[in-house]
>>> print(open('work25.cif').read())   # mmCIF, C-alpha atoms
data_start
loop_
_atom_site.label_atom_id
_atom_site.label_comp_id
_atom_site.auth_asym_id
_atom_site.auth_seq_id
_atom_site.Cartn_x
_atom_site.Cartn_y
_atom_site.Cartn_z
CA MET A 304 17.59 141.97 -10.15
CA THR A 305 16.18 142.62 -6.68
CA SER A 306 12.72 141.06 -6.51
CA ASN A 307 9.54 142.95 -5.66
CA SER A 308 9.30 140.78 -2.63
CA PHE A 309 12.63 142.13 -1.36
CA GLU A 310 11.48 145.70 -1.99
CA GLN A 311 8.40 144.98 0.12
CA PHE A 312 10.63 143.53 2.82
CA ARG A 313 12.72 146.74 2.81
CA GLU A 314 9.59 148.78 3.34
CA MET A 315 8.52 146.52 6.18
CA VAL A 316 11.92 146.94 7.88
CA PHE A 317 11.68 150.74 7.55
CA ALA A 318 8.42 150.60 9.49
CA ASP A 319 9.69 148.27 12.24
CA GLN A 320 12.07 149.86 14.74
CA ALA A 321 12.76 146.66 16.70
CA LEU A 322 13.73 144.76 13.56
CA GLN A 323 15.95 147.66 12.45
CA SER A 324 17.89 147.54 15.73
CA GLN A 325 18.27 143.77 15.48
CA LEU A 326 19.60 143.77 11.91
CA ARG A 327 21.71 146.89 12.35
CA GLU A 328 23.87 145.14 14.93
CA LEU A 329 25.12 142.59 12.40
CA VAL A 330 28.51 143.79 11.26
CA ASP A 331 29.63 140.67 9.44
CA ARG A 332 28.31 140.70 5.87
CA ASP A 333 27.69 136.91 5.56
CA GLU A 334 26.00 136.73 8.93
CA PHE A 335 23.85 139.72 7.95
CA ILE A 336 22.78 138.14 4.64
CA LYS A 337 21.92 134.84 6.36
CA ARG A 338 19.85 136.57 9.04
CA VAL A 339 17.98 138.82 6.57
CA VAL A 340 16.98 135.80 4.48
CA GLU A 341 15.87 133.92 7.63
CA VAL A 342 13.75 136.83 8.83
CA GLY A 343 12.30 137.36 5.34
CA VAL A 344 11.34 133.70 4.91
CA ALA A 345 9.88 133.53 8.42
CA ARG A 346 7.67 136.52 7.59
CA GLY A 347 6.48 135.07 4.29
CA PHE A 348 8.68 136.98 1.84
CA ASN A 349 10.12 135.36 -1.23
CA PHE A 350 13.76 136.32 -1.75
CA ASN A 351 17.16 134.73 -1.32
CA ASP A 352 20.78 135.54 -0.45
CA LYS A 353 21.50 136.73 -4.02
CA ASP A 354 18.82 139.41 -3.65
CA VAL A 355 20.45 140.63 -0.44
CA GLN A 356 23.93 140.55 -2.00
CA HIS A 357 22.61 142.53 -4.94
CA ALA A 358 21.04 145.08 -2.56
CA ILE A 359 24.38 145.48 -0.76
CA LEU A 360 26.15 146.20 -4.06
CA GLU A 361 23.42 148.61 -5.15
CA GLY A 362 23.57 150.35 -1.78
CA ARG A 363 27.33 150.76 -2.01
CA ARG A 364 27.02 152.12 -5.53
CA ALA A 365 24.32 154.59 -4.45
CA TRP A 366 26.50 155.76 -1.53
CA ASN A 367 29.63 156.13 -3.67
CA GLU A 368 27.71 158.02 -6.35
CA ARG A 369 25.65 160.17 -4.01
CA TYR A 370 26.99 163.45 -5.37
CA LEU A 371 27.18 162.50 -9.04
CA MET B 59 7.05 157.90 14.17
CA ASN B 60 9.00 155.61 16.46
CA HIS B 61 10.26 153.63 13.47
CA LEU B 62 12.16 156.76 12.35
CA ARG B 63 13.88 157.29 15.69
CA ASP B 64 17.34 156.15 14.62
CA TRP B 65 17.28 157.61 11.09
CA VAL B 66 19.00 160.81 10.07
CA PRO B 67 19.03 162.54 6.69
CA PHE B 68 22.35 162.22 4.84
CA LYS B 69 21.35 163.75 1.53
CA PHE B 70 18.84 166.24 0.22
CA SER B 71 18.12 166.66 -3.47
CA VAL B 72 15.47 168.11 -5.74
CA THR B 73 14.64 165.82 -8.63
CA ARG B 74 12.09 166.97 -11.25
CA SER B 75 10.91 169.66 -8.80
CA GLU B 76 10.36 167.08 -6.07
CA PRO B 77 12.46 167.43 -2.90
CA LEU B 78 13.82 164.06 -1.74
CA VAL B 79 15.61 163.02 1.44
CA ASP B 80 17.97 160.05 1.86
CA TRP B 81 18.17 158.51 5.31
CA CYS B 82 20.78 156.48 7.17
CA ASN B 83 20.21 154.54 10.39
CA LEU B 84 22.68 155.84 12.98
CA GLY B 85 21.42 153.85 15.94
CA LEU B 86 22.74 155.67 18.99
CA ALA B 87 25.97 156.81 17.31
CA ARG B 88 26.76 160.47 18.06
CA PHE B 89 28.26 162.98 15.68
CA ILE B 90 31.69 162.99 17.30
CA GLU B 91 33.88 162.88 14.21
CA PRO B 92 35.33 166.16 12.86
CA PHE B 93 32.72 166.34 10.10
CA PHE B 94 29.11 165.17 9.65
CA GLU B 95 30.10 163.17 6.58
CA ASP B 96 32.72 161.18 8.58
CA THR B 97 30.06 159.95 11.01
CA ILE B 98 27.64 159.04 8.23
CA ALA B 99 30.41 157.25 6.29
CA GLN B 100 31.14 155.08 9.33
CA SER B 101 27.51 154.06 9.61
CA MET B 102 27.26 153.44 5.88
CA ARG B 103 29.90 150.72 6.26
CA LEU B 104 27.29 148.58 8.02
CA PRO B 105 25.56 146.10 5.71
CA PHE B 106 22.26 147.25 7.22
CA ASN B 107 22.65 150.79 5.90
CA LEU B 108 23.86 149.64 2.50
CA VAL B 109 20.71 147.57 2.10
CA PHE B 110 18.12 149.60 3.97
CA GLN B 111 19.12 153.23 3.32
CA GLN B 112 15.91 154.97 2.39
CA GLN B 113 14.89 157.74 0.07
CA THR B 114 11.65 159.46 1.00
CA SER B 115 9.59 162.46 0.03
CA ILE B 116 10.01 165.70 1.99
CA ASP B 117 6.82 164.80 3.90
CA VAL B 118 8.73 162.31 6.02
CA LEU B 119 11.20 165.06 6.99
CA LYS B 120 8.27 167.26 7.94
CA GLU B 121 6.80 164.46 10.03
CA VAL B 122 10.09 163.98 11.87
CA ALA B 123 10.52 167.74 12.37
CA ASN B 124 7.08 168.00 13.87
CA GLY B 125 7.98 165.51 16.60
CA THR B 126 8.12 166.67 20.19
CA ASP B 127 11.50 165.61 21.54
CA ILE B 128 13.66 168.12 19.68
CA VAL B 129 16.43 170.33 21.05
CA PRO B 130 16.24 173.81 19.50
CA PRO B 131 19.54 175.15 18.12
CA THR B 132 21.77 176.63 20.84
CA GLY B 133 24.25 178.33 18.53
CA PHE B 134 25.40 178.59 14.93
CA ILE B 135 29.06 178.64 13.92
CA PHE B 136 30.16 180.36 10.72
CA HIS B 137 33.77 180.60 9.62
CA MET B 138 36.18 181.56 6.84
CA SER B 139 37.60 177.97 6.67
CA ARG B 140 40.99 176.77 8.05
CA CYS B 141 40.59 179.00 11.07
CA GLY B 142 39.91 176.82 14.12
CA SER B 143 36.17 176.23 13.72
CA THR B 144 36.63 172.45 13.75
CA LEU B 145 38.55 172.77 17.01
CA ILE B 146 35.52 174.52 18.51
CA THR B 147 33.10 171.83 17.33
CA GLN B 148 35.38 169.02 18.47
CA MET B 149 35.60 170.57 21.93
CA LEU B 150 31.81 170.87 22.11
CA ALA B 151 31.29 167.34 20.80
CA GLU B 152 33.24 166.04 23.79
CA PHE B 153 30.00 165.96 25.82
CA GLU B 154 27.04 163.69 25.35
CA GLU B 155 24.65 166.54 26.10
CA ASN B 156 25.80 168.38 22.98
CA ILE B 157 24.57 167.62 19.50
CA VAL B 158 27.20 168.97 17.09
CA ILE B 159 26.46 168.96 13.38
CA SER B 160 29.48 170.01 11.39
CA GLU B 161 29.21 171.01 7.72
CA ALA B 162 26.30 168.70 6.95
CA PRO B 163 25.74 168.35 3.18
CA PRO B 164 21.94 167.98 3.56
CA ILE B 165 21.77 171.39 5.28
CA ASP B 166 23.86 173.05 2.59
CA SER B 167 21.88 171.27 -0.16
CA VAL B 168 18.63 172.67 1.24
CA ILE B 169 20.10 176.18 1.38
CA SER B 170 21.67 175.83 -2.09
CA SER B 171 18.35 174.81 -3.62
CA ARG B 172 17.36 178.50 -3.47
CA ASN B 173 19.88 179.03 -6.28
CA ASP B 174 18.00 176.55 -8.47
CA SER B 175 14.26 176.40 -8.88
CA ALA B 176 13.03 176.35 -5.26
CA SER B 177 11.24 179.38 -3.85
CA ASP B 178 12.65 181.11 -0.77
CA ASP B 179 9.52 180.20 1.20
CA SER B 180 9.96 176.49 0.44
CA VAL B 181 13.66 176.61 1.25
CA LYS B 182 12.96 178.28 4.60
CA LEU B 183 10.49 175.55 5.55
CA TRP B 184 12.82 172.76 4.42
CA LEU B 185 15.69 174.32 6.36
CA GLN B 186 13.57 174.47 9.50
CA TRP B 187 12.67 170.80 9.10
CA MET B 188 16.20 169.68 8.29
CA VAL B 189 17.65 171.48 11.29
CA ALA B 190 14.93 170.02 13.53
CA ALA B 191 15.63 166.50 12.24
CA PHE B 192 19.23 166.69 13.50
CA GLY B 193 18.11 168.17 16.80
CA ARG B 194 16.11 165.13 17.85
CA ARG B 195 17.01 163.63 21.19
CA ARG B 196 18.22 160.10 20.48
CA SER B 197 19.95 159.10 23.73
CA GLY B 198 17.93 161.36 26.00
CA ALA B 199 21.04 163.19 27.30
CA GLU B 200 21.01 165.93 24.65
CA LYS B 201 20.52 169.48 25.95
CA HIS B 202 22.40 171.74 23.53
CA TYR B 203 22.59 171.74 19.77
CA PHE B 204 25.26 173.43 17.63
CA ILE B 205 25.50 173.68 13.88
CA LYS B 206 28.69 174.57 12.08
CA PHE B 207 27.75 175.64 8.57
CA ASP B 208 29.94 175.37 5.49
CA ALA B 209 32.27 178.37 5.07
CA TRP B 210 30.35 179.68 2.06
CA ASN B 211 27.06 179.72 4.00
CA THR B 212 27.93 183.23 5.23
CA LEU B 213 26.64 184.14 1.76
CA ASP B 214 23.26 182.77 2.92
CA LEU B 215 23.23 184.54 6.28
CA ASP B 216 20.12 186.52 5.37
CA LEU B 217 18.15 183.33 4.79
CA ILE B 218 19.51 181.46 7.84
CA ALA B 219 19.02 184.41 10.20
CA GLY B 220 15.54 184.90 8.76
CA VAL B 221 14.57 181.32 9.64
CA PHE B 222 16.32 181.35 13.05
CA PRO B 223 16.26 184.97 14.19
CA THR B 224 16.89 184.21 17.87
CA VAL B 225 19.73 181.67 17.57
CA PRO B 226 23.07 183.26 18.56
CA SER B 227 25.79 182.92 15.97
CA LEU B 228 29.51 183.49 15.74
CA PHE B 229 32.07 183.91 12.99
CA VAL B 230 35.58 182.48 13.31
CA TYR B 231 38.40 183.92 11.22
CA ARG B 232 42.17 183.94 10.99
CA ASN B 233 44.99 186.00 9.54
CA PRO B 234 44.19 185.82 5.79
CA VAL B 235 47.68 184.88 4.63
CA GLU B 236 47.58 181.78 6.87
CA VAL B 237 44.15 180.73 5.55
CA LEU B 238 45.28 181.36 1.99
CA ALA B 239 48.42 179.26 2.54
CA SER B 240 46.27 176.38 3.77
CA GLN B 241 43.80 176.66 0.88
CA LEU B 242 46.59 176.76 -1.69
CA ARG B 243 48.24 173.70 -0.16
CA GLU B 244 45.01 171.69 0.18
CA PRO B 245 42.11 173.43 -1.60
CA GLY B 246 38.63 173.23 -0.12
CA MET B 247 35.60 172.81 -2.37
CA HIS B 248 34.74 176.50 -2.25
CA VAL B 249 38.02 177.60 -3.83
CA VAL B 250 37.58 175.25 -6.78
CA PRO B 251 36.75 177.57 -9.71
CA GLY B 252 33.04 177.62 -10.40
CA PHE B 253 31.90 175.87 -7.22
CA LEU B 254 30.25 179.02 -5.88
CA GLU B 255 29.28 180.55 -9.21
CA LYS B 256 25.54 180.45 -8.49
CA ARG B 257 26.14 182.46 -5.33
CA LEU B 258 28.97 184.55 -6.75
CA PRO B 259 28.45 184.88 -10.52
CA GLN B 260 31.27 187.41 -10.71
CA LEU B 261 33.65 184.62 -9.63
CA ASN B 262 32.60 182.04 -12.22
CA VAL B 263 34.96 179.74 -14.13
CA THR B 264 35.59 182.35 -16.84
CA ALA B 265 36.60 184.91 -14.22
CA ALA B 266 38.84 182.31 -12.54
CA LEU B 267 40.72 181.79 -15.82
CA GLU B 268 41.51 185.48 -15.98
CA MET B 269 43.32 185.68 -12.65
CA SER B 270 45.96 183.78 -10.71
CA ARG B 271 44.94 180.89 -8.47
CA GLU B 272 46.07 182.96 -5.49
CA GLU B 273 43.91 185.91 -6.45
CA TYR B 274 40.82 183.75 -7.11
CA CYS B 275 41.21 182.07 -3.74
CA ALA B 276 41.72 185.39 -1.95
CA ARG B 277 38.63 186.87 -3.62
CA ILE B 278 36.52 183.90 -2.47
CA LEU B 279 37.80 184.31 1.11
CA ALA B 280 36.99 188.02 0.99
CA GLU B 281 33.43 187.29 -0.21
CA ILE B 282 32.97 184.76 2.62
CA CYS B 283 34.16 187.23 5.28
CA GLU B 284 32.30 190.29 4.04
CA PRO B 285 28.76 189.30 5.20
CA ALA B 286 30.13 188.64 8.70
CA VAL B 287 31.30 192.27 8.92
CA ALA B 288 27.79 193.56 8.22
CA ARG B 289 26.22 191.06 10.60
CA ALA B 290 28.68 191.77 13.43
CA GLN B 291 28.27 195.51 12.91
CA ALA B 292 24.54 195.07 13.40
CA GLY B 293 25.32 193.37 16.70
CA PRO B 294 24.04 189.80 16.85
CA MET B 295 27.17 187.95 15.64
CA LEU B 296 30.15 187.21 17.90
CA LEU B 297 33.53 187.54 16.23
CA VAL B 298 36.23 185.05 17.24
CA ASN B 299 39.82 185.25 16.04
CA TYR B 300 41.81 181.99 15.72
CA GLU B 301 44.37 183.54 18.09
CA GLU B 302 41.77 183.47 20.88
CA LEU B 303 41.34 179.69 20.73
CA PRO B 304 40.94 177.47 22.62
CA ASN B 305 40.25 179.72 25.64
CA ALA B 306 37.50 181.70 23.89
CA VAL B 307 35.39 178.53 24.04
CA PHE B 308 35.29 178.72 27.84
CA ASP B 309 34.61 182.43 28.11
CA ARG B 310 33.35 184.53 25.21
CA ILE B 311 31.76 181.69 23.23
CA ALA B 312 30.29 180.05 26.35
CA SER B 313 28.77 183.31 27.43
CA HIS B 314 27.44 184.10 23.93
CA PHE B 315 25.81 180.66 23.69
CA ASN B 316 24.63 180.81 27.29
CA LEU B 317 26.73 177.82 28.40
CA ALA B 318 28.61 177.20 31.64
CA PHE B 319 31.46 174.73 31.93
CA GLU B 320 32.70 172.98 35.08
CA PRO B 321 36.49 172.87 35.64
CA ALA B 322 36.51 169.14 34.80
CA GLU B 323 34.75 169.85 31.52
CA ILE B 324 37.25 172.57 30.64
CA SER B 325 40.03 170.16 31.38
CA ALA B 326 38.44 167.50 29.11
CA MET B 327 38.13 170.04 26.31
CA LEU B 328 41.69 171.25 26.76
CA ASP B 329 42.82 167.66 26.47
CA LYS B 330 41.12 167.57 23.09
CA THR B 331 43.22 170.52 21.90
CA ARG B 332 46.36 168.38 22.11
CA PHE B 333 45.23 166.69 18.92
CA ASN B 334 44.75 167.88 15.35
CA ALA B 335 41.03 168.75 15.17
CA LYS B 336 40.56 167.44 11.63
CA ARG B 337 42.84 164.42 12.03
CA PRO B 338 42.42 163.44 15.69
CA GLN B 339 44.90 160.59 15.31
CA LEU B 340 47.67 163.22 15.02
CA PHE B 341 48.94 165.64 17.66
CA PHE B 342 48.27 169.34 17.10
CA GLU B 343 51.24 171.33 15.83
CA ALA B 344 51.16 175.11 15.64
CA ASP B 345 51.68 176.03 11.99
CA THR B 346 51.28 179.80 11.90
CA GLU B 347 54.95 180.46 11.17
CA THR B 348 55.21 177.63 8.61
CA LYS B 349 52.17 178.95 6.78
CA LYS B 350 53.54 182.47 6.71
CA ARG B 351 56.90 181.21 5.43
CA GLU B 352 55.57 178.89 2.73
CA VAL B 353 53.42 181.41 0.83
CA SER B 354 54.62 183.02 -2.37
CA ASP B 355 55.01 186.79 -2.72
CA ASP B 356 51.97 186.78 -4.99
CA ALA B 357 49.84 185.04 -2.35
CA ARG B 358 51.05 187.43 0.32
CA ARG B 359 50.24 190.41 -1.91
CA VAL B 360 46.65 189.29 -2.75
CA ALA B 361 45.99 188.39 0.89
CA GLU B 362 47.12 191.87 1.91
CA THR B 363 45.22 193.77 -0.76
CA LEU B 364 42.01 191.74 -1.03
CA VAL B 365 41.35 190.11 2.36
CA ASP B 366 43.31 192.08 4.95
CA PRO B 367 41.03 195.15 4.70
CA ILE B 368 38.03 192.96 5.65
CA TYR B 369 40.06 191.15 8.32
CA ASN B 370 41.02 194.52 9.78
CA ARG B 371 37.38 195.58 9.92
CA LEU B 372 36.50 192.31 11.70
CA GLU B 373 39.32 192.92 14.16
CA GLU B 374 38.25 196.49 14.73
CA ILE B 375 34.68 195.39 15.57
CA ARG B 376 35.89 192.48 17.72
CA LEU B 377 38.30 194.62 19.74
CA ARG B 378 35.74 197.37 20.16
CA THR B 379 33.04 194.96 21.36
CA THR B 380 35.29 192.98 23.70
CA ALA B 381 36.96 196.02 25.27
#
>>> encode(input="work25.cif", output="structure tokens")
Amino acid sequence: MTSNSFEQFREMVFADQALQSQLRELVDRDEFIKRVVEVGVARGFNFNDKDVQHAILEGRRAWNERYL
Amino acid sequence: MNHLRDWVPFKFSVTRSEPLVDWCNLGLARFIEPFFEDTIAQSMRLPFNLVFQQQTSIDVLKEVANGTDIVPPTGFIFHMSRCGSTLITQMLAEFEENIVISEAPPIDSVISSRNDSASDDSVKLWLQWMVAAFGRRRSGAEKHYFIKFDAWNTLDLDLIAGVFPTVPSLFVYRNPVEVLASQLREPGMHVVPGFLEKRLPQLNVTAALEMSREEYCARILAEICEPAVARAQAGPMLLVNYEELPNAVFDRIASHFNLAFEPAEISAMLDKTRFNAKRPQLFFEADTETKKREVSDDARRVAETLVDPIYNRLEEIRLRTTA
């Protein structure tokens, strides 16, 4: 289950254009997960790589099911 | 507002009477693929968009639409499907100064919401906002903005023209038997029985079961073309026959949309026509004769009786106005 802390982090990213550009450039999934956790921890959020992996799976599901 | 700079809507829905917008971060990627959905799908492969795609209230769309750096629509493209409209958009998308939005599901979803519970006034506002959101300058080079609607949006011409009364529009069409051949070989969504039943209740699933597939398909094509006749008769809609492409883009369409192309630009666009517009990895092959040959007698008969009369009226108006 994605933690509240990760939800709050998502909202923070949505409000921060510079951070969006930085994270958007990461194409490799593992590198992306590592960097998101680093940024989150550095900014005082409490989530780990499993939360990010879960969010990727949820995001893919939401995209695949967008017209259902 | 700056934090929304790179985000574009990829879905619009109304859930429990509340309009919602889903957003994808495109960065500086342009809409250069044959269809809107192809460009979004590419961006949705990025882990960033899988994780950070956002769903917001309609207020965020309004906020974006009320921004200042927005290109107003230059021209609208309507079409009967399988008739060269994608070739036109691909030629226009060749240049960085053109924003080309081709069959965007969020635009159609906004328009379609009028068939559910939304009031026409709300739909008009949402449509204005959605169109503005795609017209934002993202690279700074954008000067013109074209929208190709879904084929069935001719059935919504009253609403679209009401919201954008001064935007020039055109309708692209082709010999009905050739369009019918293409739809029978590879059906589009609009010829799937029932897909348009809220717009065309007389062509619901029950009606579809009472006629041949060919006839159903031909009746849908006729319904899509009919509003263009009325609109072109009234004057503001340019009619473009498939046979006139690609050159019509440089003359009649350019003049209608108030565009001027340099010889080098024409050459770049002509280069584009060497490839299949919908599958740019393949070379273009003329298929008019194949399509005419492959259709059954039944398909030929329904094309002639149901769609040809409307096609002939379109041709009559086009030839009269271009003479």
>>> residues_around(input="work25.cif", residues="B:Thr144", least_positions_apart="6", cutoff="9 Å", atoms="all atoms listed in the file", output="list in words")
Pro92, Phe93, Ser160, Lys206, Ala335 and Lys336 of chain B
>>> closest_residue(input="work25.cif", among="B:Glu91, B:Pro105, B:Cys82, B:Val287", to="B:Arg337", atoms="all atoms listed in the file")
B:Glu91
>>> closest_atom_pairs(input="work25.cif", of="chain A", to="chain B", cutoff="6 Å", atoms="all atoms listed in the file", output="Markdown table")
| residue | atom | partner | partner_atom | distance |
| --- | --- | --- | --- | --- |
| A:Ala318 | CA | B:His61 | CA | 5.3 |
| A:Asp319 | CA | B:His61 | CA | 5.5 |
| A:Gln320 | CA | B:His61 | CA | 4.4 |
| A:Arg327 | CA | B:Phe106 | CA | 5.2 |
| A:Val330 | CA | B:Leu104 | CA | 5.9 |
| A:Ala358 | CA | B:Val109 | CA | 5.3 |
| A:Ile359 | CA | B:Val109 | CA | 5.1 |
| A:Gly362 | CA | B:Leu108 | CA | 4.3 |
| A:Arg363 | CA | B:Leu108 | CA | 5.8 |
>>> resolve_selection(input="work25.cif", expression="the PyMOL selection byres ((chain B and resi 215-231) around 6)", output="PyMOL selection string")
chain B and resi 133-138+141+212-214+232+295-300
>>> resolve_selection(input="work25.cif", expression="the PyMOL selection byres ((chain B and resi 202) around 8)", output="tab-separated table (two decimals) with C-alpha atoms, keeping the file's coordinate frame")
chain	number	residue	atom	x	y	z
B	129	VAL	CA	16.43	170.33	21.05
B	130	PRO	CA	16.24	173.81	19.50
B	131	PRO	CA	19.54	175.15	18.12
B	132	THR	CA	21.77	176.63	20.84
B	155	GLU	CA	24.65	166.54	26.10
B	156	ASN	CA	25.80	168.38	22.98
B	157	ILE	CA	24.57	167.62	19.50
B	200	GLU	CA	21.01	165.93	24.65
B	201	LYS	CA	20.52	169.48	25.95
B	203	TYR	CA	22.59	171.74	19.77
B	204	PHE	CA	25.26	173.43	17.63
>>> axis_aligned_box(input="work25.cif", around="stretch 366-381 of chain B", padding_each_side="3 Å", output="JSON")
{"center_x": 38.2, "center_y": 194.3, "center_z": 15.0, "size_x": 16.3, "size_y": 12.2, "size_z": 26.6}
>>> atom_distance(input="work25.cif", atom1="atom CA of B:Phe89", atom2="atom CA of B:Val72")
25.5 Å
>>> atom_distance(input="work25.cif", atom1="atom CA of B:Val235", atom2="atom CA of B:Lys330")
26.1 Å
>>> residues_around(input="work25.cif", residues="B:Leu242", least_positions_apart="2", cutoff="10 Å", atoms="all atoms listed in the file", output="list of chain:residue names")
B:Glu236, B:Val237, B:Leu238, B:Ala239, B:Ser240, B:Glu244, B:Pro245, B:Gly246, B:Val249, B:Arg271, B:Glu272, B:Cys275, B:Ala276, B:Val353, B:Ala357
>>> residues_near_point(input="work25.cif", point="(22.3, 179.9, -1.5)", cutoff="9 Å", atoms="all atoms listed in the file", output="count of residues only")
16
>>> closest_residue(input="work25.cif", among="A:Arg332, A:Lys337, A:Gly343, A:Leu360", to="A:Met315", atoms="only C-alpha atoms")
A:Gly343
>>> atom_distance(input="work25.cif", atom1="atom CA of B:Glu284", atom2="atom CA of B:Ser139")
13.7 Å
>>> closest_residue(input="work25.cif", among="B:Met327, B:Met247, B:Ile128, B:Ala286", to="B:Ala190", atoms="all atoms listed in the file")
B:Ile128
>>> closest_residue(input="work25.cif", among="A:Asn349, A:Ser308, A:Arg364, A:Val339", to="A:Gln323", atoms="only C-alpha atoms")
A:Val339
>>> closest_residue(input="work25.cif", among="B:Arg332, B:Arg358, B:Pro234, B:Arg371", to="B:Pro285", atoms="only C-alpha atoms")
B:Arg371
>>> resolve_selection(input="work25.cif", expression="the PyMOL selection byres ((chain A and resi 309) around 10)", output="list in words")
Thr305, Ser306, Asn307, Ser308, Glu310, Gln311, Phe312, Arg313, Glu314, Met315, Val340, Gly343, Phe348, Asn349, Phe350, Asn351, Asp354, Val355 and Ala358 of chain A
>>> closest_residue(input="work25.cif", among="B:Ala322, B:Arg310, B:Pro251, B:Thr331", to="B:Met269", atoms="all atoms listed in the file")
B:Pro251
>>> residues_near_point(input="work25.cif", point="(12.1, 161.3, -0.6)", cutoff="7 Å", atoms="only C-alpha atoms", output="ChimeraX atom specification")
/B:77-80,113-116
